[in-house]
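> Just one file: my_file_22.pdb, with PDB, C-alpha atoms.
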```pdb
MODEL        1
ATOM      1  CA  MET J 216      48.309 101.473 126.260
ATOM      2  CA  ALA J 217      49.633 100.254 122.920
ATOM      3  CA  LEU J 218      49.264 102.607 119.988
ATOM      4  CA  SER J 219      47.307 101.494 116.955
ATOM      5  CA  ILE J 220      48.969 101.497 113.518
ATOM      6  CA  LYS J 221      46.835 104.522 112.607
ATOM      7  CA  GLU J 222      48.040 106.469 115.660
ATOM      8  CA  VAL J 223      51.666 105.611 114.926
ATOM      9  CA  LEU J 224      51.253 106.770 111.316
ATOM     10  CA  ASN J 225      49.579 109.983 112.479
ATOM     11  CA  LYS J 226      52.460 110.721 114.851
ATOM     12  CA  LEU J 227      55.011 109.943 112.146
ATOM     13  CA  PHE J 228      53.157 112.218 109.736
ATOM     14  CA  PHE J 229      53.256 115.001 112.314
ATOM     15  CA  ARG J 230      56.981 114.713 112.943
ATOM     16  CA  ILE J 231      57.684 115.128 109.214
ATOM     17  CA  PHE J 232      54.966 117.719 108.729
ATOM     18  CA  ARG J 233      55.927 119.898 111.712
ATOM     19  CA  LYS J 234      59.335 120.621 110.235
ATOM     20  CA  LYS J 235      57.696 122.218 107.207
ATOM     21  CA  LYS J 236      55.394 124.712 108.881
ATOM     22  CA  ASN J 237      53.505 125.589 111.996
ATOM     23  CA  ILE J 238      50.756 123.186 112.942
ATOM     24  CA  ARG J 239      47.247 124.510 112.559
ATOM     25  CA  LEU J 240      45.480 123.632 115.793
ATOM     26  CA  GLY J 241      41.708 124.093 115.741
ATOM     27  CA  LEU J 242      39.295 124.612 118.597
ATOM     28  CA  TYR J 243      35.969 123.009 117.731
ATOM     29  CA  GLY J 244      32.743 122.270 119.546
ATOM     30  CA  PRO J 245      29.154 123.342 120.061
ATOM     31  CA  PRO J 246      28.374 126.925 121.167
ATOM     32  CA  ASN J 247      29.086 127.869 124.788
ATOM     33  CA  GLY J 248      31.493 125.018 125.439
ATOM     34  CA  GLY J 249      34.277 127.476 126.256
ATOM     35  CA  LYS J 250      36.401 127.447 123.077
ATOM     36  CA  THR J 251      37.240 131.152 123.220
ATOM     37  CA  THR J 252      37.797 131.050 126.982
ATOM     38  CA  LEU J 253      40.322 128.259 126.391
ATOM     39  CA  ALA J 254      41.877 130.143 123.448
ATOM     40  CA  ASN J 255      42.243 133.174 125.706
ATOM     41  CA  LYS J 256      43.807 131.072 128.468
ATOM     42  CA  ILE J 257      46.341 129.541 126.056
ATOM     43  CA  CYS J 258      47.205 132.947 124.576
ATOM     44  CA  LYS J 259      47.447 134.566 127.994
ATOM     45  CA  ASP J 260      49.739 131.771 129.250
ATOM     46  CA  TRP J 261      52.115 131.828 126.287
ATOM     47  CA  LEU J 262      51.743 135.234 124.630
ATOM     48  CA  GLY J 263      50.585 137.368 127.533
ATOM     49  CA  GLU J 264      47.502 138.607 125.679
ATOM     50  CA  GLU J 265      43.962 137.371 125.035
ATOM     51  CA  MET J 266      42.591 136.270 121.674
ATOM     52  CA  GLY J 267      38.883 137.100 121.543
ATOM     53  CA  VAL J 268      35.764 138.026 123.463
ATOM     54  CA  ALA J 269      34.005 135.288 125.419
ATOM     55  CA  SER J 270      30.492 135.636 126.814
ATOM     56  CA  ASN J 271      27.568 133.547 128.020
ATOM     57  CA  VAL J 272      25.458 134.562 125.001
ATOM     58  CA  PRO J 273      25.632 131.711 122.460
ATOM     59  CA  HIS J 274      27.516 132.325 119.189
ATOM     60  CA  GLU J 275      29.719 135.075 120.594
ATOM     61  CA  THR J 276      32.449 133.921 118.186
ATOM     62  CA  ARG J 277      30.995 134.213 114.695
ATOM     63  CA  GLU J 278      34.182 134.453 112.674
ATOM     64  CA  ILE J 279      37.270 132.292 112.497
ATOM     65  CA  GLN J 280      39.968 133.803 114.742
ATOM     66  CA  ILE J 281      43.623 132.929 114.252
ATOM     67  CA  LYS J 282      46.545 133.549 116.544
ATOM     68  CA  GLU J 283      49.811 132.754 114.851
ATOM     69  CA  GLU J 284      53.056 131.348 116.183
ATOM     70  CA  ILE J 285      52.180 130.298 119.692
ATOM     71  CA  ARG J 286      55.188 128.596 121.269
ATOM     72  CA  LEU J 287      54.702 126.173 124.136
ATOM     73  CA  GLU J 288      57.535 124.829 126.241
ATOM     74  CA  SER J 289      57.324 121.891 128.582
ATOM     75  CA  ASN J 290      59.932 119.477 129.967
ATOM     76  CA  GLY J 291      62.577 120.799 127.580
ATOM     77  CA  LYS J 292      60.328 120.297 124.555
ATOM     78  CA  GLU J 293      58.949 123.019 122.332
ATOM     79  CA  LEU J 294      55.764 123.126 120.306
ATOM     80  CA  SER J 295      54.814 125.850 117.850
ATOM     81  CA  PHE J 296      51.350 126.212 116.332
ATOM     82  CA  ASN J 297      48.777 128.578 114.882
ATOM     83  CA  LEU J 298      45.661 128.505 117.029
ATOM     84  CA  VAL J 299      42.343 128.644 115.167
ATOM     85  CA  ASP J 300      39.283 129.468 117.263
ATOM     86  CA  THR J 301      36.116 128.531 115.377
ATOM     87  CA  PRO J 302      32.445 129.505 115.810
ATOM     88  CA  GLY J 303      30.344 126.953 117.684
ATOM     89  CA  ILE J 304      28.702 124.343 115.467
ATOM     90  CA  ALA J 305      24.923 124.026 115.727
ATOM     91  CA  THR J 306      22.105 122.536 113.670
ATOM     92  CA  LYS J 307      19.672 125.367 114.418
ATOM     93  CA  ILE J 308      19.900 129.098 114.980
ATOM     94  CA  ASP J 309      16.878 131.131 115.997
ATOM     95  CA  TYR J 310      17.244 134.843 116.608
ATOM     96  CA  GLU J 311      14.491 134.610 119.253
ATOM     97  CA  ASP J 312      16.904 132.645 121.457
ATOM     98  CA  PHE J 313      19.166 135.709 121.621
ATOM     99  CA  LEU J 314      16.299 137.924 122.785
ATOM    100  CA  LYS J 315      16.331 135.969 126.060
ATOM    101  CA  PHE J 316      19.814 137.361 126.687
ATOM    102  CA  GLY J 317      18.573 140.937 126.405
ATOM    103  CA  LEU J 318      19.524 141.600 122.782
ATOM    104  CA  LYS J 319      17.280 143.870 120.737
ATOM    105  CA  GLU J 320      15.430 142.234 117.816
ATOM    106  CA  ARG J 321      17.583 143.866 115.138
ATOM    107  CA  GLU J 322      20.764 142.958 116.967
ATOM    108  CA  ALA J 323      19.522 139.386 117.508
ATOM    109  CA  LYS J 324      18.666 138.935 113.816
ATOM    110  CA  LYS J 325      22.090 140.233 112.783
ATOM    111  CA  ARG J 326      23.752 137.893 115.263
ATOM    112  CA  ALA J 327      21.733 134.918 113.956
ATOM    113  CA  LYS J 328      22.721 135.693 110.366
ATOM    114  CA  GLU J 329      26.390 136.006 111.267
ATOM    115  CA  ALA J 330      26.192 132.836 113.357
ATOM    116  CA  THR J 331      24.917 130.762 110.401
ATOM    117  CA  LYS J 332      27.840 131.992 108.316
ATOM    118  CA  GLY J 333      30.164 131.185 111.200
ATOM    119  CA  VAL J 334      28.982 127.556 111.314
ATOM    120  CA  ILE J 335      29.474 127.224 107.546
ATOM    121  CA  ASP J 336      33.028 128.589 107.844
ATOM    122  CA  ALA J 337      33.856 126.338 110.790
ATOM    123  CA  ILE J 338      32.822 123.253 108.794
ATOM    124  CA  LYS J 339      34.741 124.436 105.702
ATOM    125  CA  TRP J 340      37.873 124.913 107.808
ATOM    126  CA  LEU J 341      37.819 121.305 109.029
ATOM    127  CA  ASP J 342      39.860 120.259 106.000
ATOM    128  CA  ASP J 343      42.617 122.746 106.881
ATOM    129  CA  MET J 344      43.264 121.528 110.416
ATOM    130  CA  ASP J 345      46.312 119.487 111.402
ATOM    131  CA  ALA J 346      45.010 118.691 114.891
ATOM    132  CA  VAL J 347      41.869 119.619 116.788
ATOM    133  CA  ILE J 348      40.876 120.211 120.384
ATOM    134  CA  VAL J 349      37.170 119.505 120.781
ATOM    135  CA  VAL J 350      35.885 121.616 123.660
ATOM    136  CA  LEU J 351      32.754 120.284 125.341
ATOM    137  CA  ASP J 352      30.870 121.578 128.350
ATOM    138  CA  SER J 353      31.287 118.724 130.857
ATOM    139  CA  THR J 354      28.056 119.670 132.634
ATOM    140  CA  ILE J 355      25.957 118.895 129.535
ATOM    141  CA  ASP J 356      24.932 115.503 128.119
ATOM    142  CA  PRO J 357      27.722 114.654 125.629
ATOM    143  CA  TYR J 358      25.565 112.403 123.423
ATOM    144  CA  SER J 359      24.298 115.241 121.221
ATOM    145  CA  GLN J 360      24.349 114.647 117.479
ATOM    146  CA  VAL J 361      26.410 117.814 116.946
ATOM    147  CA  ASN J 362      29.200 116.407 119.141
ATOM    148  CA  ILE J 363      28.980 113.032 117.410
ATOM    149  CA  THR J 364      29.030 114.665 113.961
ATOM    150  CA  ILE J 365      32.013 116.915 114.757
ATOM    151  CA  ILE J 366      34.032 114.021 116.154
ATOM    152  CA  GLY J 367      32.928 111.680 113.357
ATOM    153  CA  ASN J 368      34.040 114.193 110.735
ATOM    154  CA  LEU J 369      37.449 114.605 112.364
ATOM    155  CA  GLN J 370      37.777 110.827 112.563
ATOM    156  CA  ALA J 371      36.849 110.451 108.888
ATOM    157  CA  ARG J 372      39.567 112.973 107.981
ATOM    158  CA  ASP J 373      42.162 111.252 110.202
ATOM    159  CA  ILE J 374      42.740 114.450 112.164
ATOM    160  CA  PRO J 375      44.225 113.863 115.645
ATOM    161  CA  VAL J 376      41.770 114.886 118.369
ATOM    162  CA  LEU J 377      42.063 115.834 122.021
ATOM    163  CA  LEU J 378      38.782 116.024 123.905
ATOM    164  CA  VAL J 379      38.498 118.708 126.539
ATOM    165  CA  GLY J 380      35.765 118.515 129.158
ATOM    166  CA  ASN J 381      35.501 122.133 130.208
ATOM    167  CA  LYS J 382      33.836 123.697 133.270
ATOM    168  CA  VAL J 383      35.034 121.062 135.763
ATOM    169  CA  ASP J 384      34.738 123.750 138.435
ATOM    170  CA  LEU J 385      30.954 123.365 138.246
ATOM    171  CA  LYS J 386      29.112 120.832 140.424
ATOM    172  CA  LYS J 387      27.252 119.234 137.524
ATOM    173  CA  SER J 388      30.466 118.412 135.662
ATOM    174  CA  ASN J 389      30.596 114.739 134.666
ATOM    175  CA  LEU J 390      33.816 113.700 132.960
ATOM    176  CA  LYS J 391      33.048 109.987 133.297
ATOM    177  CA  LYS J 392      30.046 110.389 131.008
ATOM    178  CA  LEU J 393      32.210 112.205 128.472
ATOM    179  CA  GLU J 394      34.816 109.451 128.587
ATOM    180  CA  ALA J 395      32.121 106.816 128.158
ATOM    181  CA  ALA J 396      30.642 108.643 125.167
ATOM    182  CA  PHE J 397      33.942 108.878 123.272
ATOM    183  CA  PRO J 398      36.133 106.044 124.594
ATOM    184  CA  GLN J 399      38.464 106.196 121.589
ATOM    185  CA  TYR J 400      39.805 109.616 122.663
ATOM    186  CA  LYS J 401      41.750 110.972 125.578
ATOM    187  CA  VAL J 402      39.655 113.324 127.695
ATOM    188  CA  VAL J 403      41.169 116.120 129.773
ATOM    189  CA  GLY J 404      39.000 117.880 132.310
ATOM    190  CA  ILE J 405      39.802 121.559 132.753
ATOM    191  CA  SER J 406      38.341 124.840 133.799
ATOM    192  CA  ALA J 407      39.490 127.300 131.150
ATOM    193  CA  LYS J 408      37.952 130.118 133.166
ATOM    194  CA  TYR J 409      39.902 129.405 136.365
ATOM    195  CA  GLY J 410      42.888 127.641 134.791
ATOM    196  CA  ASN J 411      42.326 124.302 136.570
ATOM    197  CA  ASN J 412      44.361 121.342 135.287
ATOM    198  CA  MET J 413      46.043 123.334 132.500
ATOM    199  CA  LYS J 414      49.404 121.630 133.127
ATOM    200  CA  ARG J 415      47.861 118.256 132.216
ATOM    201  CA  PHE J 416      46.119 119.864 129.233
ATOM    202  CA  TYR J 417      49.437 121.167 127.864
ATOM    203  CA  ASP J 418      51.083 117.781 128.438
ATOM    204  CA  GLU J 419      48.307 116.093 126.462
ATOM    205  CA  LEU J 420      48.657 118.711 123.736
ATOM    206  CA  PHE J 421      52.312 117.744 123.373
ATOM    207  CA  ASN J 422      51.300 114.078 123.213
ATOM    208  CA  LEU J 423      48.716 114.867 120.564
ATOM    209  CA  VAL J 424      51.082 116.470 118.104
ATOM    210  CA  ASP J 425      54.505 115.181 119.135
TER     211      ASP J 425
ATOM    212  CA  MET U  56      -0.410 117.420 113.942
ATOM    213  CA  LEU U  57       2.994 115.902 113.338
ATOM    214  CA  THR U  58       3.796 114.294 110.004
ATOM    215  CA  LEU U  59       6.476 111.623 109.868
ATOM    216  CA  GLN U  60       7.897 110.722 106.465
ATOM    217  CA  PHE U  61       9.775 107.457 106.122
ATOM    218  CA  ILE U  62      12.599 107.374 103.577
ATOM    219  CA  PRO U  63      13.846 103.885 102.780
ATOM    220  CA  HIS U  64      17.574 103.581 102.152
ATOM    221  CA  THR U  65      16.889 102.461  98.569
ATOM    222  CA  GLU U  66      15.348 105.856  97.816
ATOM    223  CA  ILE U  67      18.592 107.758  98.395
ATOM    224  CA  GLU U  68      21.340 105.200  97.855
ATOM    225  CA  GLY U  69      21.883 106.136  94.201
ATOM    226  CA  MET U  70      22.004 109.868  94.890
ATOM    227  CA  ASP U  71      25.113 111.973  95.334
ATOM    228  CA  THR U  72      25.600 113.839  98.629
ATOM    229  CA  ASP U  73      24.177 117.097  97.341
ATOM    230  CA  ARG U  74      20.924 115.589  96.050
ATOM    231  CA  LYS U  75      20.517 113.438  99.139
ATOM    232  CA  ILE U  76      20.819 116.427 101.465
ATOM    233  CA  ARG U  77      18.579 118.642  99.350
ATOM    234  CA  LYS U  78      15.899 115.960  99.443
ATOM    235  CA  LEU U  79      16.086 115.538 103.224
ATOM    236  CA  LEU U  80      16.110 119.283 103.859
ATOM    237  CA  ALA U  81      13.212 119.863 101.484
ATOM    238  CA  ILE U  82      11.071 117.477 103.555
ATOM    239  CA  ALA U  83      12.140 119.084 106.836
ATOM    240  CA  LYS U  84      11.287 122.503 105.384
ATOM    241  CA  GLU U  85       7.750 121.241 104.744
ATOM    242  CA  ASN U  86       7.514 120.859 108.533
ATOM    243  CA  LYS U  87       7.676 117.073 108.327
ATOM    244  CA  ILE U  88       9.873 114.795 110.387
ATOM    245  CA  VAL U  89      12.159 112.601 108.324
ATOM    246  CA  LEU U  90      12.736 109.017 109.390
ATOM    247  CA  LEU U  91      15.598 107.836 107.237
ATOM    248  CA  GLU U  92      16.460 104.158 107.158
ATOM    249  CA  GLY U  93      20.158 103.849 108.046
ATOM    250  CA  ARG U  94      22.503 106.745 108.351
ATOM    251  CA  LEU U  95      24.383 109.268 106.268
ATOM    252  CA  LYS U  96      28.155 109.107 105.975
ATOM    253  CA  LYS U  97      30.007 111.162 108.604
ATOM    254  CA  GLU U  98      31.036 113.750 106.003
ATOM    255  CA  GLU U  99      27.431 113.887 104.757
ATOM    256  CA  GLU U 100      26.208 114.668 108.278
ATOM    257  CA  GLY U 101      28.669 117.592 108.355
ATOM    258  CA  GLU U 102      27.470 118.684 104.939
ATOM    259  CA  LEU U 103      23.850 118.451 106.128
ATOM    260  CA  ILE U 104      24.632 120.913 108.934
ATOM    261  CA  ARG U 105      26.435 123.238 106.506
ATOM    262  CA  LYS U 106      23.553 123.209 103.997
ATOM    263  CA  THR U 107      21.046 123.676 106.816
ATOM    264  CA  MET U 108      22.831 126.875 107.824
ATOM    265  CA  GLU U 109      22.623 128.139 104.236
ATOM    266  CA  GLU U 110      18.870 127.576 104.227
ATOM    267  CA  ILE U 111      18.069 129.361 107.502
ATOM    268  CA  ASP U 112      15.715 132.297 107.062
ATOM    269  CA  ALA U 113      12.747 133.912 108.799
ATOM    270  CA  LYS U 114      10.665 130.700 108.549
ATOM    271  CA  PHE U 115      13.227 127.935 108.663
ATOM    272  CA  LYS U 116      15.313 127.941 111.859
ATOM    273  CA  GLY U 117      17.316 124.799 111.252
ATOM    274  CA  ILE U 118      16.947 121.172 112.226
ATOM    275  CA  GLU U 119      17.132 118.767 115.098
ATOM    276  CA  LEU U 120      19.126 115.728 114.104
ATOM    277  CA  SER U 121      19.593 112.393 115.769
ATOM    278  CA  VAL U 122      20.971 109.053 114.695
ATOM    279  CA  ILE U 123      19.988 105.872 116.446
ATOM    280  CA  TYR U 124      22.595 103.258 115.784
ATOM    281  CA  PRO U 125      22.985  99.786 117.261
ATOM    282  CA  GLU U 126      25.896  99.665 119.693
ATOM    283  CA  LEU U 127      28.425  97.156 118.382
ATOM    284  CA  ARG U 128      31.217  98.050 120.802
ATOM    285  CA  HIS U 129      30.600  94.984 122.935
ATOM    286  CA  ALA U 130      29.454  92.705 120.136
ATOM    287  CA  ALA U 131      31.408  89.611 119.150
ATOM    288  CA  ILE U 132      34.057  90.079 116.444
ATOM    289  CA  LEU U 133      32.089  87.882 114.053
ATOM    290  CA  GLN U 134      29.005  90.030 114.542
ATOM    291  CA  LYS U 135      31.043  93.228 113.893
ATOM    292  CA  LEU U 136      32.569  91.771 110.733
ATOM    293  CA  LYS U 137      29.162  90.605 109.521
ATOM    294  CA  SER U 138      27.733  94.059 110.078
ATOM    295  CA  LYS U 139      30.647  95.763 108.294
ATOM    296  CA  PHE U 140      30.354  93.365 105.362
ATOM    297  CA  ILE U 141      26.624  93.971 104.980
ATOM    298  CA  ASN U 142      27.149  97.746 105.172
ATOM    299  CA  MET U 143      29.862  97.508 102.521
ATOM    300  CA  LEU U 144      27.598  95.576 100.173
ATOM    301  CA  LEU U 145      24.285  97.321 100.746
ATOM    302  CA  GLY U 146      25.237 100.709 102.208
ATOM    303  CA  ASP U 147      24.849 101.715 105.831
ATOM    304  CA  ARG U 148      21.194 100.908 106.342
ATOM    305  CA  THR U 149      21.525  99.943 109.988
ATOM    306  CA  GLY U 150      19.893 102.297 112.455
ATOM    307  CA  LEU U 151      17.641 105.258 111.909
ATOM    308  CA  THR U 152      18.255 108.939 111.225
ATOM    309  CA  ILE U 153      15.701 111.434 112.472
ATOM    310  CA  ILE U 154      15.639 114.942 111.048
ATOM    311  CA  GLY U 155      13.018 117.385 112.231
ATOM    312  CA  PRO U 156      12.518 121.104 111.689
ATOM    313  CA  ALA U 157      13.661 123.125 114.711
ATOM    314  CA  THR U 158      10.417 125.102 114.627
ATOM    315  CA  ILE U 159       8.583 121.905 115.621
ATOM    316  CA  ILE U 160      11.151 119.734 117.374
ATOM    317  CA  LYS U 161      12.698 121.290 120.430
ATOM    318  CA  GLU U 162      14.969 118.404 121.239
ATOM    319  CA  ILE U 163      15.519 114.761 120.383
ATOM    320  CA  LYS U 164      16.532 112.738 123.394
ATOM    321  CA  LYS U 165      18.183 109.412 122.848
ATOM    322  CA  ASP U 166      18.197 106.449 125.107
ATOM    323  CA  PRO U 167      19.712 103.233 123.832
ATOM    324  CA  ASP U 168      16.223 101.758 123.410
ATOM    325  CA  LYS U 169      13.897 104.703 122.961
ATOM    326  CA  ILE U 170      13.666 108.104 121.291
ATOM    327  CA  GLN U 171      11.902 111.102 122.770
ATOM    328  CA  LEU U 172      10.863 113.924 120.487
ATOM    329  CA  LEU U 173      10.244 117.022 122.542
ATOM    330  CA  THR U 174       7.999 119.229 120.477
ATOM    331  CA  LYS U 175       7.372 122.948 120.643
ATOM    332  CA  GLU U 176       3.950 124.455 121.097
ATOM    333  CA  ILE U 177       3.265 125.026 117.403
ATOM    334  CA  SER U 178       0.333 127.340 117.902
ATOM    335  CA  LYS U 179       2.421 129.557 120.177
ATOM    336  CA  SER U 180       5.321 129.781 117.744
ATOM    337  CA  ARG U 181       2.966 130.504 114.828
ATOM    338  CA  LYS U 182       1.300 133.247 116.812
ATOM    339  CA  LYS U 183       4.694 134.774 117.575
ATOM    340  CA  ARG U 184       5.695 134.788 113.922
ATOM    341  CA  SER U 185       2.506 136.354 112.612
TER     342      SER U 185
ENDMDL
END
```
What do you get writing this file as structure tokens?

Amino acid sequence: MALSIKEVLNKLFFRIFRKKKNIRLGLYGPPNGGKTTLANKICKDWLGEEMGVASNVPHETREIQIKEEIRLESNGKELSFNLVDTPGIATKIDYEDFLKFGLKEREAKKRAKEATKGVIDAIKWLDDMDAVIVVLDSTIDPYSQVNITIIGNLQARDIPVLLVGNKVDLKKSNLKKLEAAFPQYKVVGISAKYGNNMKRFYDELFNLVD
Amino acid sequence: MLTLQFIPHTEIEGMDTDRKIRKLLAIAKENKIVLLEGRLKKEEEGELIRKTMEEIDAKFKGIELSVIYPELRHAAILQKLKSKFINMLLGDRTGLTIIGPATIIKEIKKDPDKIQLLTKEISKSRKKRS
């Protein structure tokens, strides 16, 4: 597929930019898409240690987490970046939703307050990203306004994007729908939890920033 | 009872981002559903989410947001150019932006041709809060 002028310029910009400093690679997406699970998988693969705590309770990551100097090697090429795991972006946060996961009221209210701050920080950090991996749960309808807004904002800032359809190990996973929703981006289906298709993910990561 | 408030594009076109968002959020906080003619800029949508988070408290839980926009992907080039030209001249007034308070709107489902607002049982949520 031929590259557009914009893509060529982005790649050129990266080649010059990468020599100056480590790339800041952000993980963005709605809550529970698997951003931290993917961050942990990347860190485990290349640093031998995990990055943060992942759970099925929404808004587990409520602060920006950074892992510096991750070095990837593939086919004789090397890529170095700082990985930034961001809190899930949402348009609403209700502490009552956390009660369903067994949290006590006080705990749930604290979590909700921290989660709102986390969303604000995630949006503020958009301007500081050099490239972004948008992590979406491939079992969920991708046409949500949060997904569209995140991707639209990255597009408006000319930030290179790789779309990850996570949870392909689940029956309901539908990558075709994800590809149809965002045809302008490359979509890689993975299971961050079980490490499925990570080789292709790393190859696409090289393509994104190389 | 649900109250829908229509905001024509002309009402916000002269406003800066901050004022625009404050106006839209103020309506949503009055438990009304905003029907905005056209759409916000992409950065303004991001800013709307950020400001919404700042406003969340015991009463206001956030918003449900949806933008209905005509699909031009398969339109003829002339049609796309015409649409871009009109948007450039008059602002992006194509489509419709729906903003509803999360305490009332559970979910906004979009189909290309129809919108479904799934509402919460207001009486139940009020009872819970009191």
> Output as a list in words the set of chain J residues within 9 Å of chain U, with distances taken over all atoms listed in the file.
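Result: Ile304, Ala305, Thr306, Lys307, Ile308, Asp309, Tyr310, Lys328, Ala330, Thr331, Lys332, Val334, Ile335, Asp336, Ile338, Lys339, Tyr358, Ser359, Gln360, Val361, Thr364, Ile365, Gly367, Asn368, Gln370, Ala371 and Arg372 of chain J.
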> Looking at all atoms listed in the file, which of J:Ile279, J:Leu351, J:Leu262, J:Ile257 is the one that sits closest to Phe416 (chain J)?
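Distance minimum relative to Phe416 (chain J) lands on J:Ile257.
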> In Å to one decimal, how far is CA of Gln399 (chain J) from CA of Ser295 (chain J)?
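Rounded to one decimal, the two atoms are 25.8 Å apart.
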> What residues come out when you apply the PyMOL selection byres ((chain U and resi 149) around 8) to this file, written as a count of residues only?
10
> Which is closest to Asn290 (chain J) among J:Tyr417, J:Val424, J:Val272, J:Arg277, if we use all atoms listed in the file?
J:Tyr417
> Residues near Asn381 (chain J), anyone? I mean within 10 Å using only C-alpha atoms, not counting same-chain ones fewer than 3 positions away, as a list in words.
Gly248, Gly249, Lys250, Thr252, Leu253, Val349, Val350, Leu351, Asp352, Ser353, Thr354, Leu378, Asp384, Leu385, Ser388, Asn389, Leu390, Val403, Gly404, Ile405, Ser406, Ala407, Lys408 and Asn411 of chain J
> To one decimal place, how far is CA of Glu264 (chain J) from CA of Pro245 (chain J) in Å?
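Result for CA of Glu264 (chain J) versus CA of Pro245 (chain J): 24.5 Å, one decimal.
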> Would you work out the distance separating CA of Ile366 (chain J) from CA of Ala346 (chain J), expressed in Å to one decimal?
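Calculated distance between CA of Ile366 (chain J) and CA of Ala346 (chain J) is 12.0 Å.
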> Rank J:Glu283, J:Glu311, J:Asp342, J:Glu265 by their smallest atom-to-atom distance to Ile374 (chain J), using all atoms listed in the file, and report the top residue only.
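So, comparing all the options, the nearest one is J:Asp342.
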> For the PyMOL selection byres ((chain J and resi 273) around 8), applied here, can you spell out every residue it catches as a PyMOL selection string?
chain J and resi 246-247+270-272+274-275+313
> Using all atoms listed in the file, find the one residue out of U:Ile159, U:Ala81, U:Leu172, U:Val89 that sits nearest to Leu59 (chain U).
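Checking each candidate against Leu59 (chain U), we get U:Val89 as the closest.
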> Please enclose the listed atoms of region 69-74 of chain U in an axis-aligned box, pad each side by 3 Å, and write out the centre and the three edge lengths in Å, rounded to one decimal, as JSON.

```
{"center_x": 23.3, "center_y": 111.6, "center_z": 96.4, "size_x": 10.7, "size_y": 17.0, "size_z": 10.4}
```
> So that I can check the surroundings of Val347 (chain J), please list as a compact mmCIF listing (two decimals) with C-alpha atoms, in the coordinates of the input every protein, DNA and RNA residue that reaches within 12 Å of it, counting only C-alpha atoms and ignoring chain neighbours fewer than 4 positions away.

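Saved to part-v6.txt:
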```
# COMPACT_ATOMS: atom_id res chain seq x y z
CA ILE J 238 50.76 123.19 112.94
CA ARG J 239 47.25 124.51 112.56
CA LEU J 240 45.48 123.63 115.79
CA GLY J 241 41.71 124.09 115.74
CA LEU J 242 39.30 124.61 118.60
CA TYR J 243 35.97 123.01 117.73
CA GLY J 244 32.74 122.27 119.55
CA LYS J 250 36.40 127.45 123.08
CA PHE J 296 51.35 126.21 116.33
CA ASN J 297 48.78 128.58 114.88
CA LEU J 298 45.66 128.50 117.03
CA VAL J 299 42.34 128.64 115.17
CA ASP J 300 39.28 129.47 117.26
CA THR J 301 36.12 128.53 115.38
CA TRP J 340 37.87 124.91 107.81
CA LEU J 341 37.82 121.30 109.03
CA ASP J 342 39.86 120.26 106.00
CA ASP J 343 42.62 122.75 106.88
CA ILE J 365 32.01 116.92 114.76
CA ILE J 366 34.03 114.02 116.15
CA ASN J 368 34.04 114.19 110.74
CA LEU J 369 37.45 114.60 112.36
CA GLN J 370 37.78 110.83 112.56
CA ARG J 372 39.57 112.97 107.98
CA ASP J 373 42.16 111.25 110.20
CA ILE J 374 42.74 114.45 112.16
CA PRO J 375 44.22 113.86 115.64
CA VAL J 376 41.77 114.89 118.37
CA LEU J 377 42.06 115.83 122.02
CA LEU J 378 38.78 116.02 123.90
CA VAL J 379 38.50 118.71 126.54
CA TYR J 400 39.80 109.62 122.66
CA LEU J 420 48.66 118.71 123.74
CA LEU J 423 48.72 114.87 120.56
CA VAL J 424 51.08 116.47 118.10
```
> Taking 2 positions as the minimum chain separation for residues in the same chain, which residues sit within 9 Å of Ser289 (chain J) when counting only C-alpha atoms? Answer as a short mmCIF file (atom, residue, chain, number, x, y, z; two decimals) with C-alpha atoms, in the frame of the given file.

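Written output follows (part37.cif):
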```cif
data_model
loop_
_atom_site.label_atom_id
_atom_site.label_comp_id
_atom_site.auth_asym_id
_atom_site.auth_seq_id
_atom_site.Cartn_x
_atom_site.Cartn_y
_atom_site.Cartn_z
CA LEU J 287 54.70 126.17 124.14
CA GLY J 291 62.58 120.80 127.58
CA LYS J 292 60.33 120.30 124.56
CA GLU J 293 58.95 123.02 122.33
CA LEU J 294 55.76 123.13 120.31
CA TYR J 417 49.44 121.17 127.86
CA ASP J 418 51.08 117.78 128.44
CA PHE J 421 52.31 117.74 123.37
#
```
> Find, counting all atoms listed in the file, the residue in U:Ile82, U:Leu91, U:Leu136, U:Ile153 that gets nearest to Thr65 (chain U).
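Smallest separation from Thr65 (chain U) among the options: U:Leu91.
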